[in-house]
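J.: Enclosed is the structure file target-v5.txt (compact mmCIF, C-alpha atoms).
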# COMPACT_ATOMS: atom_id res chain seq x y z
CA MET A 686 132.33 -22.50 56.27
CA ARG A 687 135.77 -22.07 57.77
CA THR A 688 137.16 -20.92 54.43
CA ILE A 689 134.42 -18.32 54.16
CA LYS A 690 134.99 -17.22 57.74
CA GLU A 691 138.66 -16.60 57.00
CA ALA A 692 137.98 -14.85 53.70
CA LEU A 693 135.62 -12.45 55.44
CA ASP A 694 137.63 -11.98 58.65
CA ALA A 695 134.40 -12.96 60.34
CA THR A 696 133.71 -13.57 64.00
CA VAL A 697 131.79 -16.71 64.86
CA ILE A 698 128.72 -15.94 67.00
CA GLU A 699 127.33 -19.47 67.10
CA GLY A 700 128.35 -22.86 65.70
CA GLU A 701 132.15 -22.98 66.13
CA ASP A 702 131.88 -26.78 66.46
CA VAL A 703 130.26 -27.25 63.03
CA LEU A 704 132.45 -24.79 61.14
CA ASP A 705 134.07 -27.47 59.02
CA SER A 706 130.82 -28.33 57.23
CA ALA A 707 130.58 -27.78 53.47
CA VAL A 708 128.52 -25.03 51.85
CA ASP A 709 127.02 -25.61 48.41
CA HIS A 710 125.74 -22.15 47.52
CA VAL A 711 125.83 -18.55 48.58
CA TYR A 712 122.78 -16.30 48.74
CA ALA A 713 122.92 -12.58 49.47
CA SER A 714 119.71 -10.72 50.36
CA ASP A 715 118.00 -8.57 52.95
CA LEU A 716 114.53 -9.69 51.90
CA MET A 717 113.56 -12.85 53.70
CA SER A 718 110.73 -13.71 51.31
CA ASP A 719 113.39 -13.85 48.58
CA VAL A 720 115.48 -16.17 50.75
CA LEU A 721 112.49 -18.47 51.20
CA ALA A 722 111.63 -18.29 47.53
CA PHE A 723 115.03 -18.69 45.91
CA GLY A 724 117.52 -19.91 48.53
CA LYS A 725 118.92 -23.40 47.99
CA PRO A 726 119.34 -25.82 50.91
CA ASP A 727 122.85 -25.95 52.37
CA SER A 728 123.57 -22.37 51.33
CA ILE A 729 125.07 -19.65 53.40
CA LEU A 730 123.13 -16.39 53.67
CA LEU A 731 124.86 -13.02 53.51
CA THR A 732 122.56 -10.40 54.96
CA GLY A 733 122.39 -7.05 56.72
CA LEU A 734 119.19 -8.07 58.46
CA ALA A 735 120.28 -9.06 61.96
CA THR A 736 116.89 -10.13 63.31
CA GLN A 737 115.13 -13.24 64.51
CA GLN A 738 113.29 -13.25 61.18
CA ALA A 739 116.56 -13.79 59.31
CA VAL A 740 117.49 -16.71 61.55
CA ILE A 741 114.09 -18.36 61.24
CA SER A 742 114.02 -17.86 57.48
CA ALA A 743 117.50 -19.36 57.10
CA HIS A 744 116.36 -22.35 59.12
CA MET A 745 113.15 -22.73 57.07
CA ALA A 746 115.14 -22.59 53.83
CA GLU A 747 117.53 -25.20 55.28
CA PHE A 748 120.60 -22.98 55.11
CA LYS A 749 123.85 -23.93 56.81
CA GLY A 750 124.37 -20.52 58.30
CA ILE A 751 124.29 -16.75 58.10
CA VAL A 752 126.98 -14.10 57.85
CA PHE A 753 125.77 -10.70 59.05
CA VAL A 754 127.51 -7.93 57.15
CA ARG A 755 128.42 -4.39 58.29
CA GLY A 756 129.43 -5.69 61.72
CA LYS A 757 125.90 -6.45 62.88
CA THR A 758 125.24 -8.84 65.72
CA ILE A 759 122.16 -10.55 66.98
CA LYS A 760 120.15 -10.93 70.19
CA ASP A 761 120.54 -13.88 72.56
CA GLY A 762 117.12 -15.37 71.74
CA SER A 763 118.10 -15.75 68.11
CA ARG A 764 121.49 -17.19 69.10
CA LYS A 765 119.70 -19.87 71.07
CA PHE A 766 117.40 -20.62 68.14
CA ALA A 767 120.46 -20.95 65.88
CA LYS A 768 122.21 -23.23 68.36
CA ASP A 769 119.12 -25.43 68.74
CA HIS A 770 118.81 -25.75 64.97
CA ARG A 771 122.53 -26.10 64.26
CA LEU A 772 122.79 -22.90 62.25
CA ILE A 773 126.15 -21.19 62.05
CA LEU A 774 126.06 -17.44 62.74
CA MET A 775 128.95 -15.14 61.88
CA SER A 776 129.52 -11.44 61.71
CA THR A 777 131.86 -9.49 59.43
CA GLU A 778 132.79 -5.82 59.41
CA LEU A 779 132.72 -5.84 55.58
CA ASP A 780 129.75 -4.39 53.75
CA MET A 781 127.57 -6.55 51.52
CA TYR A 782 129.44 -5.74 48.30
CA ASP A 783 132.90 -6.44 49.68
CA ALA A 784 131.71 -9.60 51.39
CA CYS A 785 130.25 -10.89 48.11
CA VAL A 786 133.45 -10.05 46.24
CA ARG A 787 135.56 -11.96 48.74
CA VAL A 788 133.30 -15.01 48.74
CA GLU A 789 133.34 -14.95 44.95
CA ALA A 790 137.15 -14.89 45.07
CA VAL A 791 137.07 -18.01 47.24
CA ARG A 792 134.80 -19.69 44.73
CA THR A 793 136.85 -18.91 41.64
CA GLY A 794 140.06 -19.62 43.50
CA GLY A 795 139.41 -23.36 43.32
CA GLY A 796 138.64 -25.83 46.09
CA ASN A 797 137.24 -29.32 45.70
CA HIS A 798 133.57 -28.36 45.73
CA PRO A 799 133.18 -24.87 44.33
CA PRO A 800 129.73 -23.41 44.88
CA GLU A 801 127.68 -22.94 41.75
CA THR A 802 125.26 -20.25 40.75
CA VAL A 803 121.83 -21.79 40.31
CA HIS A 804 119.26 -20.61 37.79
CA GLU A 805 116.91 -23.55 37.66
CA ASP A 806 113.13 -23.34 38.00
CA ARG A 807 112.28 -24.16 41.59
CA SER A 808 108.52 -23.62 41.52
CA ALA A 809 107.85 -27.26 42.39
CA ASP A 810 110.23 -27.29 45.39
CA VAL A 811 108.68 -27.57 48.79
CA LEU A 812 110.16 -25.12 51.29
CA LEU A 813 107.96 -25.98 54.20
CA GLN A 814 105.34 -28.57 54.98
CA HIS A 815 103.16 -28.86 58.07
CA GLU A 816 100.33 -31.14 59.06
CA TYR A 817 97.64 -30.22 61.58
CA SER A 818 94.38 -31.75 62.73
CA ILE A 819 90.97 -30.33 63.64
CA GLU A 820 88.26 -32.03 65.70
CA GLY A 821 84.62 -31.57 64.72
CA SER A 822 82.31 -29.79 67.21
CA ASP A 823 85.30 -28.44 69.16
CA PHE A 824 84.11 -24.84 69.37
CA GLY A 825 86.53 -24.14 72.24
CA SER A 826 89.59 -24.38 69.96
CA ALA A 827 87.83 -23.13 66.85
CA GLY A 828 89.98 -20.63 65.01
CA MET A 829 93.22 -21.53 66.76
CA LEU A 830 94.65 -23.47 63.82
CA SER A 831 94.17 -20.58 61.41
CA THR A 832 95.63 -18.23 64.02
CA GLU A 833 98.71 -20.44 64.27
CA VAL A 834 99.09 -20.57 60.48
CA LYS A 835 98.74 -16.80 60.31
CA SER A 836 101.36 -16.21 63.04
CA MET A 837 103.84 -18.49 61.31
CA LEU A 838 103.40 -16.88 57.89
CA LYS A 839 103.74 -13.46 59.50
CA THR A 840 106.95 -14.51 61.26
CA ILE A 841 108.42 -15.76 58.01
CA GLY A 842 107.76 -12.32 56.60
CA PHE A 843 105.15 -12.82 53.89
CA ASP A 844 103.19 -9.81 52.65
CA PRO A 845 100.52 -8.95 55.28
CA LYS A 846 97.77 -8.90 52.63
CA LEU A 847 98.68 -12.43 51.56
CA VAL A 848 98.84 -13.58 55.18
CA ARG A 849 95.38 -12.08 55.78
CA ARG A 850 93.91 -13.92 52.77
CA VAL A 851 95.40 -17.25 53.88
CA GLY A 852 94.27 -16.67 57.49
CA ILE A 853 90.69 -15.78 56.60
CA SER A 854 90.30 -18.67 54.14
CA THR A 855 91.80 -21.16 56.59
CA TYR A 856 89.49 -19.86 59.34
CA GLU A 857 86.41 -20.38 57.18
CA GLY A 858 87.60 -23.88 56.21
CA GLU A 859 88.37 -24.68 59.83
CA MET A 860 84.91 -23.52 60.94
CA ASN A 861 83.25 -25.69 58.30
CA VAL A 862 85.00 -28.72 59.80
CA VAL A 863 84.08 -27.72 63.36
CA MET A 864 80.43 -27.26 62.37
CA HIS A 865 79.85 -30.06 59.91
CA ALA A 866 82.51 -32.79 60.06
CA LYS A 867 83.93 -35.32 62.50
CA ARG A 868 87.57 -34.44 62.10
CA ALA A 869 90.05 -33.27 59.48
CA LYS A 870 93.69 -33.29 58.53
CA VAL A 871 95.11 -30.00 57.34
CA PHE A 872 98.18 -29.81 55.12
CA LEU A 873 100.08 -26.56 54.73
CA THR A 874 102.68 -26.44 51.97
CA ILE A 875 104.87 -23.53 50.97
CA THR A 876 106.78 -23.49 47.69
CA PRO A 877 108.63 -20.56 46.10
CA ALA A 878 105.52 -19.85 44.01
CA LEU A 879 102.60 -20.45 46.35
CA ILE A 880 101.07 -21.31 49.69
CA GLU A 881 98.70 -24.26 49.66
CA VAL A 882 96.26 -25.26 52.39
CA VAL A 883 94.38 -28.54 52.02
CA ILE A 884 91.63 -29.42 54.50
CA ASP A 885 90.63 -33.06 54.16
CA ASP A 886 87.75 -34.05 56.43
CA GLU A 887 85.87 -37.15 57.48
CA GLY A 888 82.20 -36.38 57.71
CA LYS A 889 78.85 -36.32 56.06
CA GLY A 890 80.04 -34.69 52.83
CA ILE A 891 78.24 -32.17 50.65
CA PRO A 892 75.47 -33.53 48.38
CA ASP A 893 75.51 -30.56 46.00
CA VAL A 894 78.78 -28.66 45.85
CA ASN A 895 77.46 -26.00 43.44
CA LEU A 896 74.56 -25.24 45.76
CA ALA A 897 76.92 -25.04 48.76
CA MET A 898 78.96 -22.43 46.90
CA GLU A 899 75.96 -20.09 46.57
CA LYS A 900 75.93 -17.04 48.81
CA GLY A 901 73.47 -17.47 51.67
CA PHE A 902 73.09 -21.25 51.38
CA SER A 903 73.60 -22.78 54.81
CA THR A 904 72.90 -26.02 56.63
CA ALA A 905 73.96 -24.70 60.05
CA THR A 906 71.79 -25.45 63.07
CA GLU A 907 69.97 -22.78 65.07
CA GLU A 908 72.54 -23.21 67.83
CA GLN A 909 75.44 -22.63 65.43
CA ARG A 910 73.69 -19.56 64.00
CA ALA A 911 73.31 -18.15 67.50
CA MET A 912 77.09 -18.33 67.81
CA GLY A 913 77.45 -16.27 64.67
CA PHE A 914 78.08 -19.06 62.18
CA GLY A 915 76.09 -20.27 59.24
CA ALA A 916 75.63 -17.04 57.30
CA GLY A 917 76.13 -19.04 54.13
CA MET A 918 79.15 -16.89 53.35
CA GLY A 919 82.02 -19.22 54.26
CA LEU A 920 82.64 -20.94 50.93
CA PRO A 921 81.99 -17.81 48.80
CA ASN A 922 84.38 -15.98 51.13
CA ILE A 923 87.05 -18.62 50.56
CA LYS A 924 86.49 -18.37 46.80
CA HIS A 925 86.98 -14.61 47.02
CA ASN A 926 90.21 -14.85 49.05
CA THR A 927 92.00 -17.65 47.19
CA ASP A 928 93.75 -17.70 43.81
CA GLU A 929 92.69 -21.31 43.25
CA MET A 930 89.99 -23.21 45.08
CA GLU A 931 88.96 -26.82 44.56
CA LEU A 932 86.12 -28.39 46.51
CA THR A 933 85.37 -32.07 46.16
CA SER A 934 83.05 -34.13 48.30
CA GLU A 935 81.64 -37.59 48.68
CA VAL A 936 78.41 -37.99 50.65
CA GLY A 937 78.92 -40.13 53.74
CA LYS A 938 82.73 -39.96 53.49
CA GLY A 939 83.97 -36.42 53.61
CA THR A 940 85.02 -33.22 51.89
CA LYS A 941 88.34 -32.04 50.56
CA LEU A 942 89.04 -28.35 50.19
CA LYS A 943 92.19 -27.32 48.35
CA MET A 944 93.17 -23.64 48.50
CA ARG A 945 96.08 -22.00 46.75
CA PHE A 946 97.51 -18.54 47.20
CA TYR A 947 100.14 -17.20 44.81
CA ILE A 948 103.16 -15.53 46.42
CA MET B 896 91.18 8.31 66.46
CA THR B 897 92.79 5.84 68.86
CA THR B 898 91.23 3.15 71.04
CA LYS B 899 92.27 5.25 74.05
CA GLU B 900 90.33 8.30 72.85
CA LEU B 901 87.28 6.14 72.13
CA ILE B 902 87.36 4.61 75.60
CA ASP B 903 87.58 8.09 77.17
CA LYS B 904 84.94 9.72 74.99
CA LEU B 905 82.36 6.93 75.14
CA GLY B 906 83.08 5.62 78.64
CA LEU B 907 83.92 2.12 77.38
CA GLU B 908 85.24 -0.54 79.68
CA PRO B 909 88.43 -2.29 78.52
CA LEU B 910 88.22 -6.00 79.42
CA SER B 911 91.41 -7.50 77.97
CA LYS B 912 95.07 -6.49 77.97
CA PHE B 913 96.14 -4.75 74.78
CA GLU B 914 98.12 -1.89 73.29
CA HIS B 915 96.20 1.12 72.06
CA ARG B 916 96.03 1.61 68.33
CA GLU B 917 94.43 3.70 65.63
CA VAL B 918 90.79 3.09 64.70
CA ASN B 919 90.01 3.85 61.06
CA GLY B 920 86.34 2.94 60.79
CA VAL B 921 83.50 0.87 62.20
CA PHE B 922 82.03 -2.48 61.22
CA ILE B 923 78.94 -4.03 62.77
CA SER B 924 77.99 -7.69 62.55
CA ASP B 925 77.18 -10.70 64.65
CA MET B 926 77.91 -13.15 61.85
CA LEU B 927 81.53 -14.26 61.73
CA SER B 928 81.72 -14.75 57.96
CA ASP B 929 80.34 -11.27 57.51
CA VAL B 930 83.19 -9.88 59.61
CA MET B 931 85.69 -11.98 57.68
CA THR B 932 84.34 -10.63 54.39
CA GLY B 933 83.61 -7.05 55.25
CA ALA B 934 85.65 -5.75 58.18
CA GLN B 935 88.89 -3.98 57.30
CA THR B 936 92.22 -3.94 59.11
CA GLY B 937 92.01 -1.31 61.85
CA ASN B 938 88.20 -1.25 62.14
CA LEU B 939 86.29 -1.15 65.40
CA TRP B 940 84.06 -4.23 65.42
CA LEU B 941 80.69 -3.90 67.20
CA THR B 942 79.05 -7.18 68.14
CA ILE B 943 76.95 -8.98 70.73
CA GLN B 944 78.91 -12.22 70.20
CA THR B 945 81.04 -13.06 73.22
CA GLN B 946 82.30 -16.61 72.67
CA LYS B 947 85.98 -17.44 72.37
CA HIS B 948 85.98 -17.74 68.60
CA ILE B 949 85.51 -13.98 68.19
CA VAL B 950 89.17 -13.64 69.22
CA PRO B 951 90.74 -15.61 66.34
CA ALA B 952 88.32 -13.84 64.00
CA ALA B 953 89.41 -10.41 65.27
CA ASN B 954 93.05 -11.44 65.10
CA LEU B 955 92.79 -12.75 61.53
CA VAL B 956 90.94 -9.70 60.24
CA ASP B 957 93.24 -7.55 62.38
CA VAL B 958 90.53 -5.26 63.72
CA ALA B 959 91.61 -2.48 66.09
CA ALA B 960 89.19 -3.63 68.80
CA ILE B 961 86.07 -5.67 69.52
CA LEU B 962 83.32 -3.61 71.15
CA VAL B 963 80.72 -5.78 72.88
CA THR B 964 77.50 -3.80 73.09
CA GLY B 965 74.38 -3.87 75.25
CA GLY B 966 76.37 -4.68 78.40
CA LYS B 967 76.55 -8.33 77.38
CA GLU B 968 78.74 -10.28 79.76
CA VAL B 969 81.95 -11.60 78.19
CA PRO B 970 83.15 -15.01 79.47
CA GLN B 971 86.51 -15.01 81.22
CA ASP B 972 88.05 -17.51 78.77
CA THR B 973 87.29 -15.12 75.90
CA ILE B 974 88.99 -12.27 77.78
CA ASP B 975 92.02 -14.45 78.61
CA LEU B 976 92.43 -15.55 75.02
CA ALA B 977 92.16 -11.95 73.82
CA SER B 978 94.83 -10.83 76.29
CA ARG B 979 97.11 -13.58 75.03
CA PHE B 980 96.83 -12.29 71.47
CA ASN B 981 96.87 -8.61 72.41
CA ILE B 982 93.32 -8.15 71.10
CA ALA B 983 91.29 -5.31 72.61
CA ILE B 984 87.86 -6.25 73.95
CA LEU B 985 85.87 -3.21 75.04
CA SER B 986 82.44 -3.21 76.58
CA SER B 987 79.58 -0.73 76.69
CA LYS B 988 76.18 -0.84 78.38
CA LEU B 989 74.66 1.12 75.50
CA PRO B 990 72.85 -0.76 72.75
CA THR B 991 74.48 -0.92 69.32
CA PHE B 992 72.15 1.70 67.80
CA GLU B 993 73.03 4.38 70.35
CA LEU B 994 76.74 3.63 70.10
CA VAL B 995 76.58 3.97 66.34
CA GLY B 996 75.05 7.42 66.72
CA LYS B 997 77.85 8.50 69.02
CA LEU B 998 80.61 6.98 66.88
CA TYR B 999 79.19 8.70 63.82
CA ALA B 1000 79.09 12.01 65.67
CA LEU B 1001 82.77 11.50 66.57
CA GLY B 1002 83.51 11.44 62.86
CA LEU B 1003 84.15 7.72 62.40
CA GLY B 1004 82.95 6.43 59.06
CA GLY B 1005 82.20 2.96 57.74
CA LYS B 1006 84.96 0.86 56.27
Before anything else, please render the file you have as structure tokens.
T.:
Amino acid sequence: MRTIKEALDATVIEGEDVLDSAVDHVYASDLMSDVLAFGKPDSILLTGLATQQAVISAHMAEFKGIVFVRGKTIKDGSRKFAKDHRLILMSTELDMYDACVRVEAVRTGGGNHPPETVHEDRSADVLLQHEYSIEGSDFGSAGMLSTEVKSMLKTIGFDPKLVRRVGISTYEGEMNVVMHAKRAKVFLTITPALIEVVIDDEGKGIPDVNLAMEKGFSTATEEQRAMGFGAGMGLPNIKHNTDEMELTSEVGKGTKLKMRFYI
Amino acid sequence: MTTKELIDKLGLEPLSKFEHREVNGVFISDMLSDVMTGAQTGNLWLTIQTQKHIVPAANLVDVAAILVTGGKEVPQDTIDLASRFNIAILSSKLPTFELVGKLYALGLGGK
């Protein structure tokens, strides 16, 4: 990092104390979804996007740090985030092209561990994994998990239409747990190719999965219907909003709903 | 049309804290899944549901505002949650049918 700092005449904004750490790769982009999709861990990011989104994305992609080009700096809140997550932040007056040229010169100029350009298929790599839980019958918190998932995906910078599809499907899945199951574990996984949400519940299970998938079929109670649930549209709605949906159930044990959304 | 213009023209009562935004159409339903399936981003959502879970639903679908009709009382915890997420909850004493007539006359279409 120090070598890069010197090559770019950069100013260190945050992380002076960890400047002697090694960088394996360099990634230059202003599109944070690209960073999340293609960035390798332990890279340094060259970007003109001096926002909180860049800092969070770099952290999510496990980067070592960011160099802001064209002399951009960043707000205090993002500095604190970087400090808390041991991200190095630097700023250079150079534009993106010149900065890339100089870093490339460092790379070809030798050194013990020259960074390499990577062209491997990374579709199986996990960029982010989160686990949540939902309690059955907890109507007071119903919908909060899907709201949290939505906010996070939005912050990362995914396409709003994709975020909406994931949010709506997760909400329907969450509501099914609240209405019909005892509790569930929810696993959110993001890879460069897709977002996956798995809702694995403990509960009474579904005797006939094909019937449950039919529009209008519902086993909701009168009380749940009065609250606006049980239209028999939840599962068909999930089917409509996902790219892949897998529903498996065992009566008396529980139901597992796997949803995939292509990025 | 904005939420501000709607409030002024129809005498609606804003219950939560929110920023005004553009309304591009109207969607009516009291079933949550129906809203999830049918309502579009930026719609005004007319409902008589008042429980807390209408807030995450409105947030996820990204409606412009929830309009609770028929003067139905909205619990404080619903209003607080809406304020936290910057979701507009508006209230009107008029029943849904009459509001629809007025909204239609104002030129607002369906989704």
J.: If you take all atoms listed in the file and a cut-off of 9 Å, which residues of region 897-994 of chain B touch region 849-873 of chain A, and what are their nearest atom pairs and distances in Å to one decimal, in chain and number order, as CSV?
T.:
residue,atom,partner,partner_atom,distance
B:Ser928,CA,A:Glu857,CA,7.4
B:Met931,CA,A:Ile853,CA,6.4
B:Thr932,CA,A:Ile853,CA,8.5
B:Pro951,CA,A:Tyr856,CA,8.3
B:Ala952,CA,A:Tyr856,CA,7.7
B:Leu955,CA,A:Gly852,CA,5.8
B:Val956,CA,A:Arg849,CA,6.7
B:Asp957,CA,A:Arg849,CA,8.3
J.: In Å, how far is it from CA of Gln737 (chain A) to CA of Val752 (chain A)?
T.: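 It comes out at 13.6 Å.
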J.: Provide as a PyMOL selection string the residues of chain B at most 12 Å from chain A, counting only C-alpha atoms.
T.: chain B and resi 924-936+942-958+972-973+976-977+980
J.: Do you know which residues are at most 12 Å from Ala1000 (chain B) counting only C-alpha atoms, after dropping those on the same chain fewer than 5 positions away, and could you put them as a count of residues only?
T.: 6
J.: Would you list the contacts of Arg687 (chain A) as a ChimeraX atom specification, taking every protein, DNA or RNA residue within 7 Å and counting only C-alpha atoms, but skipping same-chain residues closer than 2 positions in sequence?
T.: /A:689-691,704-705
J.: Show which residues sit within 9 Å of Lys899 (chain B), as a ChimeraX atom specification. Count only C-alpha atoms, and ignore same-chain residues fewer than 6 positions away.
T.: /B:915-917
J.: Which residue out of B:Leu941, B:Val921, B:Leu910, B:Val969 has the minimum interatomic distance to Asn981 (chain B) when all atoms listed in the file are used?
T.: B:Leu910
J.: Report, in Å with one decimal, the straight-line distance from CA of Asp780 (chain A) to CA of Gly750 (chain A).
T.: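 Pair CA of Asp780 (chain A) / CA of Gly750 (chain A) returns 17.6 Å.
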J.: Do you have the CA of Thr840 (chain A)-CA of Ser714 (chain A) distance handy?
T.: 17.2 Å
J.: With a distance cut-off of 6 Å and all atoms listed in the file, select the neighbouring residues of region 927-940 of chain A, excluding the residue or stretch itself and same-chain residues fewer than 2 positions from it, and output the selection as a PyMOL selection string.
T.: chain A and resi 886-892+924-925+942-946
J.: With C-alpha atoms kept, could you save the residues just selected as a PDB file, keeping the file's coordinate frame?
T.:
ATOM      1  CA  ASP A 886      87.750 -34.050  56.430  1.00  0.00           C
ATOM      2  CA  GLU A 887      85.870 -37.150  57.480  1.00  0.00           C
ATOM      3  CA  GLY A 888      82.200 -36.380  57.710  1.00  0.00           C
ATOM      4  CA  LYS A 889      78.850 -36.320  56.060  1.00  0.00           C
ATOM      5  CA  GLY A 890      80.040 -34.690  52.830  1.00  0.00           C
ATOM      6  CA  ILE A 891      78.240 -32.170  50.650  1.00  0.00           C
ATOM      7  CA  PRO A 892      75.470 -33.530  48.380  1.00  0.00           C
ATOM      8  CA  LYS A 924      86.490 -18.370  46.800  1.00  0.00           C
ATOM      9  CA  HIS A 925      86.980 -14.610  47.020  1.00  0.00           C
ATOM     10  CA  LEU A 942      89.040 -28.350  50.190  1.00  0.00           C
ATOM     11  CA  LYS A 943      92.190 -27.320  48.350  1.00  0.00           C
ATOM     12  CA  MET A 944      93.170 -23.640  48.500  1.00  0.00           C
ATOM     13  CA  ARG A 945      96.080 -22.000  46.750  1.00  0.00           C
ATOM     14  CA  PHE A 946      97.510 -18.540  47.200  1.00  0.00           C
TER      15      PHE A 946
END
J.: A:Lys768, A:Lys941, A:Arg792, A:His744: which is nearest Leu813 (chain A), counting only C-alpha atoms?
T.: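 Answer, going by the shortest atom-to-atom distance: A:His744.
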J.: Give me, as a count of residues only, all polymer residues having an atom no more than 6 Å from Thr732 (chain A), counting all atoms listed in the file and skipping those fewer than 5 positions away in the same chain.
T.: 5
J.: Between A:Ala784, A:Val894, A:Val811, A:Val834, which one has atoms that come closest to Ile875 (chain A), using all atoms listed in the file?
T.: A:Val811
J.: Looking at A:His770, A:Lys757, A:Lys900, A:Lys765, which one is nearest to Ala743 (chain A), with distances taken over all atoms listed in the file?
T.: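 For Ala743 (chain A), the nearest of the candidates is A:His770.
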J.: Considering only C-alpha atoms, state which residue in the set B:Ile923, B:Ala959, B:Val918, B:Met896 is at the smallest distance from Ile984 (chain B).
T.: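 Of B:Ile923, B:Ala959, B:Val918, B:Met896, the one nearest Ile984 (chain B) is B:Ala959, counting only C-alpha atoms.
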J.: Between B:Pro970, B:Asn938, B:Lys997, B:Leu1003, which residue has the minimum interatomic distance to Gly906 (chain B), considering all atoms listed in the file?
T.: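 That would be B:Lys997, the residue with the smallest distance to Gly906 (chain B).
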J.: Taking the partial coordinates given, rebuild region 890-907 of chain A to contain N, CA and C atoms; return it as a PDB file, in the coordinates of the input.
T.:
ATOM      1  N   GLY A 890      79.894 -35.080  54.241  1.00  0.00           N
ATOM      2  CA  GLY A 890      80.040 -34.690  52.830  1.00  0.00           C
ATOM      3  C   GLY A 890      79.000 -33.673  52.399  1.00  0.00           C
ATOM      4  N   ILE A 891      79.166 -33.179  51.186  1.00  0.00           N
ATOM      5  CA  ILE A 891      78.240 -32.170  50.650  1.00  0.00           C
ATOM      6  C   ILE A 891      77.529 -32.770  49.429  1.00  0.00           C
ATOM      7  N   PRO A 892      76.184 -32.911  49.495  1.00  0.00           N
ATOM      8  CA  PRO A 892      75.470 -33.530  48.380  1.00  0.00           C
ATOM      9  C   PRO A 892      75.577 -32.717  47.080  1.00  0.00           C
ATOM     10  N   ASP A 893      75.502 -31.392  47.194  1.00  0.00           N
ATOM     11  CA  ASP A 893      75.510 -30.560  46.000  1.00  0.00           C
ATOM     12  C   ASP A 893      76.517 -29.409  46.178  1.00  0.00           C
ATOM     13  N   VAL A 894      77.701 -29.616  45.639  1.00  0.00           N
ATOM     14  CA  VAL A 894      78.780 -28.660  45.850  1.00  0.00           C
ATOM     15  C   VAL A 894      78.441 -27.280  45.252  1.00  0.00           C
ATOM     16  N   ASN A 895      77.804 -27.285  44.077  1.00  0.00           N
ATOM     17  CA  ASN A 895      77.460 -26.000  43.440  1.00  0.00           C
ATOM     18  C   ASN A 895      76.481 -25.200  44.292  1.00  0.00           C
ATOM     19  N   LEU A 896      75.530 -25.896  44.896  1.00  0.00           N
ATOM     20  CA  LEU A 896      74.560 -25.240  45.760  1.00  0.00           C
ATOM     21  C   LEU A 896      75.259 -24.676  47.007  1.00  0.00           C
ATOM     22  N   ALA A 897      76.185 -25.472  47.556  1.00  0.00           N
ATOM     23  CA  ALA A 897      76.920 -25.040  48.760  1.00  0.00           C
ATOM     24  C   ALA A 897      77.738 -23.778  48.500  1.00  0.00           C
ATOM     25  N   MET A 898      78.143 -23.600  47.245  1.00  0.00           N
ATOM     26  CA  MET A 898      78.960 -22.430  46.900  1.00  0.00           C
ATOM     27  C   MET A 898      78.123 -21.153  46.773  1.00  0.00           C
ATOM     28  N   GLU A 899      76.807 -21.281  46.733  1.00  0.00           N
ATOM     29  CA  GLU A 899      75.960 -20.090  46.570  1.00  0.00           C
ATOM     30  C   GLU A 899      75.915 -19.263  47.843  1.00  0.00           C
ATOM     31  N   LYS A 900      75.985 -17.953  47.662  1.00  0.00           N
ATOM     32  CA  LYS A 900      75.930 -17.040  48.810  1.00  0.00           C
ATOM     33  C   LYS A 900      74.618 -17.219  49.554  1.00  0.00           C
ATOM     34  N   GLY A 901      74.684 -17.385  50.855  1.00  0.00           N
ATOM     35  CA  GLY A 901      73.470 -17.470  51.670  1.00  0.00           C
ATOM     36  C   GLY A 901      72.993 -18.895  51.929  1.00  0.00           C
ATOM     37  N   PHE A 902      73.501 -19.857  51.133  1.00  0.00           N
ATOM     38  CA  PHE A 902      73.090 -21.250  51.380  1.00  0.00           C
ATOM     39  C   PHE A 902      73.785 -21.758  52.637  1.00  0.00           C
ATOM     40  N   SER A 903      73.019 -22.320  53.554  1.00  0.00           N
ATOM     41  CA  SER A 903      73.600 -22.780  54.810  1.00  0.00           C
ATOM     42  C   SER A 903      72.834 -23.968  55.364  1.00  0.00           C
ATOM     43  N   THR A 904      73.563 -24.890  55.973  1.00  0.00           N
ATOM     44  CA  THR A 904      72.900 -26.020  56.630  1.00  0.00           C
ATOM     45  C   THR A 904      73.189 -25.990  58.130  1.00  0.00           C
ATOM     46  N   ALA A 905      73.623 -24.830  58.625  1.00  0.00           N
ATOM     47  CA  ALA A 905      73.960 -24.700  60.050  1.00  0.00           C
ATOM     48  C   ALA A 905      72.708 -24.844  60.916  1.00  0.00           C
ATOM     49  N   THR A 906      72.908 -25.315  62.136  1.00  0.00           N
ATOM     50  CA  THR A 906      71.790 -25.450  63.070  1.00  0.00           C
ATOM     51  C   THR A 906      71.482 -24.098  63.713  1.00  0.00           C
ATOM     52  N   GLU A 907      70.334 -24.008  64.370  1.00  0.00           N
ATOM     53  CA  GLU A 907      69.970 -22.780  65.070  1.00  0.00           C
ATOM     54  C   GLU A 907      71.034 -22.399  66.102  1.00  0.00           C
TER      55      GLU A 907
END
